[in-house]
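Peer 1: So I've got this file, data-v3.tsv, and it contains TSV, C-alpha atoms:
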```
chain	number	residue	atom	x	y	z
U	1	MET	CA	116.22	85.35	103.77
U	2	GLU	CA	115.26	81.71	103.42
U	3	ILE	CA	111.64	81.48	102.34
U	4	LYS	CA	109.55	78.73	103.90
U	5	GLN	CA	106.14	77.34	103.02
U	6	LEU	CA	103.37	79.19	104.86
U	7	THR	CA	100.47	77.43	106.52
U	8	LYS	CA	96.96	78.25	105.30
U	9	ALA	CA	96.36	80.52	108.31
U	10	GLU	CA	99.70	82.29	107.82
U	11	GLU	CA	99.00	82.81	104.13
U	12	GLU	CA	95.53	84.24	104.84
U	13	VAL	CA	97.03	86.80	107.22
U	14	MET	CA	99.84	87.60	104.79
U	15	GLN	CA	97.43	88.15	101.87
U	16	ILE	CA	95.67	90.84	103.91
U	17	LEU	CA	98.93	92.33	105.18
U	18	TRP	CA	100.39	92.50	101.66
U	19	GLN	CA	97.27	94.35	100.58
U	20	LEU	CA	97.36	96.83	103.49
U	21	TYR	CA	101.17	96.91	103.82
U	22	GLU	CA	100.92	98.00	107.47
U	23	ALA	CA	98.15	97.01	109.85
U	24	THR	CA	97.12	96.50	113.43
U	25	ILE	CA	95.49	93.23	114.41
U	26	LYS	CA	92.08	94.92	114.34
U	27	GLU	CA	92.72	96.16	110.79
U	28	LEU	CA	93.79	92.66	109.75
U	29	LEU	CA	90.61	91.21	111.26
U	30	ALA	CA	88.53	93.67	109.22
U	31	GLY	CA	90.24	92.37	106.07
U	32	PHE	CA	88.84	88.83	106.35
U	33	THR	CA	86.00	88.25	103.92
U	34	ALA	CA	84.92	84.81	105.09
U	35	LYS	CA	84.76	83.73	108.71
U	36	THR	CA	86.73	86.16	110.87
U	37	PRO	CA	89.15	84.40	113.23
U	38	ALA	CA	89.53	85.36	116.89
U	39	TYR	CA	91.82	88.27	117.80
U	40	ASN	CA	94.12	85.89	119.72
U	41	THR	CA	94.37	83.55	116.74
U	42	VAL	CA	95.63	86.35	114.47
U	43	ALA	CA	97.99	87.55	117.21
U	44	THR	CA	99.43	84.03	117.50
U	45	VAL	CA	99.85	83.72	113.72
U	46	LEU	CA	101.65	87.07	113.63
U	47	LYS	CA	103.93	85.96	116.48
U	48	VAL	CA	104.88	82.84	114.47
U	49	LEU	CA	105.39	84.90	111.29
U	50	LYS	CA	107.64	87.29	113.21
U	51	LYS	CA	109.67	84.37	114.58
U	52	LYS	CA	110.06	83.08	110.99
U	53	GLY	CA	111.32	86.52	109.91
U	54	ILE	CA	108.40	87.14	107.55
U	55	VAL	CA	106.84	90.09	109.40
U	56	ASP	CA	107.98	92.64	111.91
U	57	ASN	CA	106.18	95.19	114.02
U	58	LYS	CA	106.58	98.60	115.54
U	59	ALA	CA	104.91	100.16	118.54
U	60	VAL	CA	102.57	103.03	117.75
U	61	GLY	CA	101.09	104.41	120.94
U	62	ASN	CA	99.73	101.49	122.92
U	63	THR	CA	99.35	99.11	119.95
U	64	TYR	CA	101.54	97.32	117.44
U	65	VAL	CA	101.56	97.86	113.70
U	66	PHE	CA	102.71	94.88	111.66
U	67	PHE	CA	104.39	95.01	108.25
U	68	PRO	CA	105.77	92.36	105.87
U	69	LEU	CA	109.47	91.68	105.49
U	70	LEU	CA	108.74	89.25	102.64
U	71	SER	CA	107.16	90.68	99.50
U	72	LYS	CA	104.19	89.03	97.82
U	73	ALA	CA	106.22	88.83	94.59
U	74	ASP	CA	109.06	86.94	96.31
U	75	TYR	CA	106.64	84.52	97.97
U	76	SER	CA	104.74	84.02	94.70
U	77	SER	CA	108.00	83.22	92.93
U	78	TYR	CA	108.92	80.75	95.67
U	79	GLN	CA	105.48	79.10	95.43
U	80	MET	CA	105.70	78.74	91.66
U	81	LYS	CA	109.18	77.19	91.88
U	82	TYR	CA	107.93	74.85	94.61
U	83	LEU	CA	104.94	73.83	92.48
U	84	LEU	CA	107.11	73.38	89.38
U	85	ASN	CA	109.73	71.27	91.15
U	86	ASN	CA	107.50	69.19	93.43
U	87	TYR	CA	104.56	68.50	91.14
U	88	PHE	CA	105.94	68.77	87.61
U	89	GLY	CA	109.50	67.50	87.98
U	90	GLY	CA	110.94	70.94	87.23
U	91	SER	CA	109.41	70.88	83.75
U	92	PHE	CA	107.74	74.13	82.73
U	93	LYS	CA	106.40	72.31	79.68
U	94	ARG	CA	104.52	69.84	81.92
U	95	LEU	CA	103.22	72.70	84.07
U	96	ALA	CA	101.96	74.63	81.03
U	97	THR	CA	100.41	71.48	79.54
U	98	PHE	CA	98.61	70.76	82.80
U	99	PHE	CA	97.15	74.28	83.01
U	100	ALA	CA	96.23	74.28	79.34
U	101	GLN	CA	94.38	70.97	79.67
U	102	ASP	CA	92.82	71.84	83.02
U	103	ASN	CA	91.46	75.11	81.60
U	104	ASN	CA	90.41	73.66	78.23
U	105	MET	CA	92.73	75.98	76.33
U	106	ASP	CA	93.09	75.41	72.62
U	107	LEU	CA	96.12	76.16	70.44
U	108	GLU	CA	94.85	79.65	69.59
U	109	ASP	CA	94.55	80.52	73.31
U	110	LEU	CA	98.10	79.32	73.95
U	111	GLU	CA	99.48	81.33	71.02
U	112	LEU	CA	97.70	84.45	72.29
U	113	LEU	CA	99.12	83.88	75.75
U	114	LEU	CA	102.65	83.54	74.35
U	115	LYS	CA	102.27	86.71	72.25
U	116	GLU	CA	101.04	88.68	75.28
U	117	SER	CA	103.94	87.38	77.34
U	118	GLN	CA	106.48	88.31	74.63
U	119	SER	CA	105.08	91.83	74.22
U	120	LYS	CA	105.31	92.41	77.98
U	121	GLU	CA	108.95	91.27	77.95
U	122	GLU	CA	109.77	93.61	75.07
U	123	THR	CA	108.36	96.65	76.92
U	124	LYS	CA	110.54	96.04	79.99
```
Let me see the structure of the file written as C-alpha coordinates.
Peer 2:
Amino acid sequence: MEIKQLTKAEEEVMQILWQLYEATIKELLAGFTAKTPAYNTVATVLKVLKKKGIVDNKAVGNTYVFFPLLSKADYSSYQMKYLLNNYFGGSFKRLATFFAQDNNMDLEDLELLLKESQSKEETK
(Lines of atoms letter the chains of each structure in order from A and count residues from 1; the text may use other names and numbers.)
(Lines give C-alpha, C1' and ligand atoms only; values in the text may rest on other atoms or scores of the structure.)
Protein backbone atom coordinates (compact mmCIF):
# COMPACT_ATOMS: atom_id res chain seq x y z
CA MET A 1 0.00 0.00 0.00
CA GLU A 2 1.33 3.41 -0.93
CA ILE A 3 1.06 5.71 2.07
CA LYS A 4 0.03 9.29 1.41
CA GLN A 5 0.10 12.39 3.59
CA LEU A 6 -3.15 12.79 5.53
CA THR A 7 -4.93 16.11 5.88
CA LYS A 8 -5.42 17.50 9.39
CA ALA A 9 -9.06 16.35 9.42
CA GLU A 10 -8.13 12.87 8.17
CA GLU A 11 -5.41 12.55 10.78
CA GLU A 12 -7.77 13.61 13.59
CA VAL A 13 -10.24 10.90 12.58
CA MET A 14 -7.47 8.33 12.21
CA GLN A 15 -6.02 9.11 15.67
CA ILE A 16 -9.39 8.26 17.21
CA LEU A 17 -9.89 5.21 14.98
CA TRP A 18 -6.42 3.86 15.82
CA GLN A 19 -7.28 4.21 19.48
CA LEU A 20 -10.67 2.48 19.17
CA TYR A 21 -9.65 0.12 16.34
CA GLU A 22 -13.28 -0.25 15.21
CA ALA A 23 -15.93 2.44 15.48
CA THR A 24 -19.16 3.80 14.16
CA ILE A 25 -19.36 7.46 13.21
CA LYS A 26 -21.13 8.20 16.49
CA GLU A 27 -18.32 6.51 18.44
CA LEU A 28 -15.75 8.52 16.49
CA LEU A 29 -17.62 11.73 17.27
CA ALA A 30 -17.52 10.89 20.98
CA GLY A 31 -13.72 10.58 20.72
CA PHE A 32 -13.14 14.23 19.83
CA THR A 33 -11.83 16.21 22.78
CA ALA A 34 -11.92 19.68 21.26
CA LYS A 35 -14.69 20.96 19.02
CA THR A 36 -16.76 18.04 17.73
CA PRO A 37 -17.28 18.17 13.96
CA ALA A 38 -20.64 17.51 12.32
CA TYR A 39 -21.70 13.91 11.66
CA ASN A 40 -21.66 14.55 7.89
CA THR A 41 -18.14 15.97 8.07
CA VAL A 42 -16.79 12.79 9.69
CA ALA A 43 -18.77 10.65 7.23
CA THR A 44 -17.18 12.56 4.33
CA VAL A 45 -13.68 12.21 5.79
CA LEU A 46 -14.22 8.46 6.20
CA LYS A 47 -15.45 8.21 2.60
CA VAL A 48 -12.22 9.89 1.40
CA LEU A 49 -10.09 7.66 3.66
CA LYS A 50 -11.84 4.59 2.28
CA LYS A 51 -11.21 5.77 -1.29
CA LYS A 52 -7.51 6.22 -0.39
CA GLY A 53 -7.42 2.64 0.95
CA ILE A 54 -6.66 3.72 4.52
CA VAL A 55 -9.90 2.53 6.14
CA ASP A 56 -12.61 0.05 5.33
CA ASN A 57 -16.00 -0.65 6.78
CA LYS A 58 -18.44 -3.44 7.42
CA ALA A 59 -22.19 -3.37 7.85
CA VAL A 60 -23.40 -4.27 11.33
CA GLY A 61 -27.18 -4.15 11.45
CA ASN A 62 -28.26 -0.85 9.97
CA THR A 63 -24.96 0.99 10.57
CA TYR A 64 -21.36 0.83 9.40
CA VAL A 65 -18.35 0.04 11.55
CA PHE A 66 -15.08 1.49 10.30
CA PHE A 67 -11.61 0.05 10.89
CA PRO A 68 -8.09 1.07 9.80
CA LEU A 69 -6.21 -0.69 7.04
CA LEU A 70 -3.11 1.40 7.79
CA SER A 71 -1.51 0.96 11.21
CA LYS A 72 -0.49 3.91 13.34
CA ALA A 73 3.07 2.53 13.44
CA ASP A 74 3.29 2.44 9.63
CA TYR A 75 1.93 5.97 9.32
CA SER A 76 4.25 7.23 12.07
CA SER A 77 7.22 5.70 10.26
CA TYR A 78 6.11 7.33 7.01
CA GLN A 79 5.72 10.71 8.75
CA MET A 80 9.18 10.51 10.32
CA LYS A 81 10.79 9.63 6.98
CA TYR A 82 8.87 12.48 5.34
CA LEU A 83 10.04 14.91 8.03
CA LEU A 84 13.63 13.66 7.84
CA ASN A 85 13.82 13.88 4.04
CA ASN A 86 11.85 17.08 3.45
CA TYR A 87 13.04 19.21 6.35
CA PHE A 88 16.46 17.82 7.29
CA GLY A 89 17.87 16.69 3.95
CA GLY A 90 17.73 13.03 5.00
CA SER A 91 20.20 13.69 7.82
CA PHE A 92 19.27 12.07 11.11
CA LYS A 93 22.10 14.04 12.71
CA ARG A 94 20.44 17.33 11.69
CA LEU A 95 17.07 16.08 12.94
CA ALA A 96 18.52 15.05 16.32
CA THR A 97 20.43 18.34 16.61
CA PHE A 98 17.27 20.30 15.89
CA PHE A 99 15.26 18.45 18.56
CA ALA A 100 18.09 18.67 21.06
CA GLN A 101 18.39 22.43 20.58
CA ASP A 102 14.64 23.01 20.42
CA ASN A 103 14.16 21.14 23.72
CA ASN A 104 17.22 22.61 25.45
CA MET A 105 18.80 19.19 25.89
CA ASP A 106 22.32 19.08 27.24
CA LEU A 107 24.98 16.44 26.56
CA GLU A 108 23.96 14.39 29.60
CA ASP A 109 20.34 14.24 28.37
CA LEU A 110 21.48 13.06 24.94
CA GLU A 111 23.73 10.37 26.43
CA LEU A 112 20.85 9.12 28.58
CA LEU A 113 18.59 9.02 25.55
CA LEU A 114 21.16 7.01 23.59
CA LYS A 115 21.64 4.55 26.48
CA GLU A 116 17.88 4.03 26.78
CA SER A 117 17.62 3.47 23.05
CA GLN A 118 20.49 0.94 23.08
CA SER A 119 19.03 -1.00 26.01
CA LYS A 120 15.66 -1.25 24.23
CA GLU A 121 17.40 -2.59 21.11
CA GLU A 122 19.28 -5.19 23.13
CA THR A 123 16.06 -6.55 24.69
CA LYS A 124 14.42 -7.12 21.30
Peer 1: Atom CA of U:Leu6 and atom CA of U:Ala59 are how many Å apart?
Peer 2: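 Pair atom CA of U:Leu6 / atom CA of U:Ala59 returns 25.1 Å.
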Peer 1: Can you work out which one of U:Trp18, U:Phe88, U:Phe98, U:Tyr39 has the shortest atom-to-atom distance to U:Tyr75, counting all atoms listed in the file?
Peer 2: U:Trp18
Peer 1: Residues within 12 Å of U:Ile3, please, as a PyMOL selection string. Count only C-alpha atoms; anything in the same chain fewer than 6 positions from it doesn't count.
Peer 2: chain U and resi 49+52-54+69-79+81-82
Peer 1: Would you mind telling me which residue in U:Gly61, U:Pro68, U:Pro37, U:Gly90 lies nearest to U:Gln19 when using all atoms listed in the file?
Peer 2: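 Answer, going by the shortest atom-to-atom distance: U:Pro68.
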Peer 1: Any idea what the distance is between atom CA of U:Leu46 and atom CA of U:Met80?
Peer 2: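 Taking atom CA of U:Leu46 as the start and atom CA of U:Met80 as the end point, the length is 23.8 Å.
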Peer 1: Identify, on the basis of only C-alpha atoms, every residue whose closest approach to U:Val60 does not exceed 12 Å; exclude the query and any residue fewer than 5 positions from it along the same chain; express the result as JSON, numbers by chain.
Peer 2: {"U": [22, 23, 24, 65, 66]}
Peer 1: Which distance in Å separates atom CA of U:Ala96 and atom CA of U:Ile16, to one decimal?
Peer 2: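 Separating atom CA of U:Ala96 from atom CA of U:Ile16 is a distance of 28.7 Å.
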Peer 1: Please determine, counting only C-alpha atoms, which residue among U:Leu84, U:Val13, U:Leu110, U:Leu95 has the shortest atom-to-atom distance to U:Thr33.
Peer 2: U:Val13
Peer 1: Is it possible to dump stretch 61-104 of chain U as a short mmCIF file (atom, residue, chain, number, x, y, z; two decimals), in the first residue's frame, including just N, CA and C atoms?
Peer 2:
```
data_model
loop_
_atom_site.label_atom_id
_atom_site.label_comp_id
_atom_site.auth_asym_id
_atom_site.auth_seq_id
_atom_site.Cartn_x
_atom_site.Cartn_y
_atom_site.Cartn_z
N GLY U 61 -25.79 -4.61 11.33
CA GLY U 61 -27.18 -4.15 11.45
C GLY U 61 -27.43 -3.06 10.43
N ASN U 62 -27.95 -1.93 10.90
CA ASN U 62 -28.26 -0.85 9.97
C ASN U 62 -27.23 0.29 10.03
N THR U 63 -26.02 -0.02 10.50
CA THR U 63 -24.96 0.99 10.57
C THR U 63 -23.65 0.41 10.04
N TYR U 64 -22.67 1.27 9.85
CA TYR U 64 -21.36 0.83 9.40
C TYR U 64 -20.34 0.98 10.52
N VAL U 65 -19.46 0.00 10.61
CA VAL U 65 -18.35 0.04 11.55
C VAL U 65 -17.09 0.19 10.71
N PHE U 66 -16.30 1.19 11.04
CA PHE U 66 -15.08 1.49 10.30
C PHE U 66 -13.87 0.97 11.04
N PHE U 67 -12.85 0.55 10.29
CA PHE U 67 -11.61 0.05 10.89
C PHE U 67 -10.44 0.43 9.99
N PRO U 68 -9.26 0.64 10.59
CA PRO U 68 -8.09 1.07 9.80
C PRO U 68 -7.46 -0.08 9.01
N LEU U 69 -7.01 0.23 7.83
CA LEU U 69 -6.21 -0.69 7.04
C LEU U 69 -4.73 -0.32 7.15
N LEU U 70 -4.46 0.89 7.60
CA LEU U 70 -3.11 1.40 7.79
C LEU U 70 -2.87 1.52 9.30
N SER U 71 -1.81 0.90 9.77
CA SER U 71 -1.51 0.96 11.21
C SER U 71 -0.92 2.31 11.59
N LYS U 72 -1.08 2.66 12.85
CA LYS U 72 -0.49 3.91 13.34
C LYS U 72 1.03 3.85 13.25
N ALA U 73 1.62 2.69 13.51
CA ALA U 73 3.07 2.53 13.44
C ALA U 73 3.58 2.77 12.02
N ASP U 74 2.88 2.24 11.03
CA ASP U 74 3.29 2.44 9.63
C ASP U 74 3.18 3.90 9.23
N TYR U 75 2.09 4.57 9.66
CA TYR U 75 1.93 5.97 9.32
C TYR U 75 2.96 6.83 10.06
N SER U 76 3.24 6.50 11.31
CA SER U 76 4.25 7.23 12.07
C SER U 76 5.62 7.11 11.40
N SER U 77 5.96 5.92 10.95
CA SER U 77 7.22 5.70 10.26
C SER U 77 7.28 6.53 8.97
N TYR U 78 6.19 6.53 8.23
CA TYR U 78 6.11 7.33 7.01
C TYR U 78 6.31 8.81 7.33
N GLN U 79 5.63 9.30 8.37
CA GLN U 79 5.72 10.71 8.75
C GLN U 79 7.15 11.09 9.14
N MET U 80 7.81 10.22 9.90
CA MET U 80 9.18 10.51 10.32
C MET U 80 10.12 10.56 9.12
N LYS U 81 9.96 9.62 8.19
CA LYS U 81 10.79 9.63 6.98
C LYS U 81 10.52 10.88 6.14
N TYR U 82 9.25 11.27 6.07
CA TYR U 82 8.87 12.48 5.34
C TYR U 82 9.53 13.70 5.97
N LEU U 83 9.43 13.81 7.29
CA LEU U 83 10.04 14.91 8.03
C LEU U 83 11.56 14.93 7.83
N LEU U 84 12.18 13.77 7.98
CA LEU U 84 13.63 13.66 7.84
C LEU U 84 14.08 14.09 6.44
N ASN U 85 13.42 13.59 5.42
CA ASN U 85 13.82 13.88 4.04
C ASN U 85 13.48 15.29 3.59
N ASN U 86 12.31 15.79 3.97
CA ASN U 86 11.85 17.08 3.45
C ASN U 86 12.28 18.29 4.27
N TYR U 87 12.66 18.07 5.52
CA TYR U 87 13.04 19.21 6.35
C TYR U 87 14.49 19.15 6.83
N PHE U 88 15.09 17.97 6.78
CA PHE U 88 16.46 17.82 7.29
C PHE U 88 17.40 17.17 6.28
N GLY U 89 17.02 17.19 5.01
CA GLY U 89 17.87 16.69 3.95
C GLY U 89 18.27 15.23 4.12
N GLY U 90 17.44 14.44 4.79
CA GLY U 90 17.73 13.03 5.00
C GLY U 90 18.77 12.78 6.08
N SER U 91 19.16 13.82 6.80
CA SER U 91 20.20 13.69 7.82
C SER U 91 19.59 13.51 9.20
N PHE U 92 19.77 12.32 9.76
CA PHE U 92 19.27 12.07 11.11
C PHE U 92 20.03 12.94 12.11
N LYS U 93 21.30 13.20 11.82
CA LYS U 93 22.10 14.04 12.71
C LYS U 93 21.49 15.44 12.81
N ARG U 94 21.07 16.00 11.68
CA ARG U 94 20.44 17.33 11.69
C ARG U 94 19.11 17.31 12.44
N LEU U 95 18.35 16.24 12.24
CA LEU U 95 17.07 16.08 12.94
C LEU U 95 17.29 16.02 14.45
N ALA U 96 18.23 15.19 14.89
CA ALA U 96 18.52 15.05 16.32
C ALA U 96 19.04 16.36 16.90
N THR U 97 19.90 17.05 16.16
CA THR U 97 20.43 18.34 16.61
C THR U 97 19.31 19.35 16.77
N PHE U 98 18.40 19.38 15.81
CA PHE U 98 17.27 20.30 15.89
C PHE U 98 16.44 20.04 17.15
N PHE U 99 16.08 18.77 17.39
CA PHE U 99 15.26 18.45 18.56
C PHE U 99 16.01 18.69 19.86
N ALA U 100 17.29 18.42 19.86
CA ALA U 100 18.09 18.67 21.06
C ALA U 100 18.12 20.16 21.38
N GLN U 101 18.35 20.98 20.36
CA GLN U 101 18.39 22.43 20.58
C GLN U 101 17.01 22.98 20.91
N ASP U 102 16.00 22.51 20.22
CA ASP U 102 14.64 23.01 20.42
C ASP U 102 14.11 22.66 21.81
N ASN U 103 14.61 21.58 22.39
CA ASN U 103 14.16 21.14 23.72
C ASN U 103 15.19 21.42 24.81
N ASN U 104 16.18 22.24 24.48
CA ASN U 104 17.22 22.61 25.45
C ASN U 104 17.86 21.41 26.14
#
```
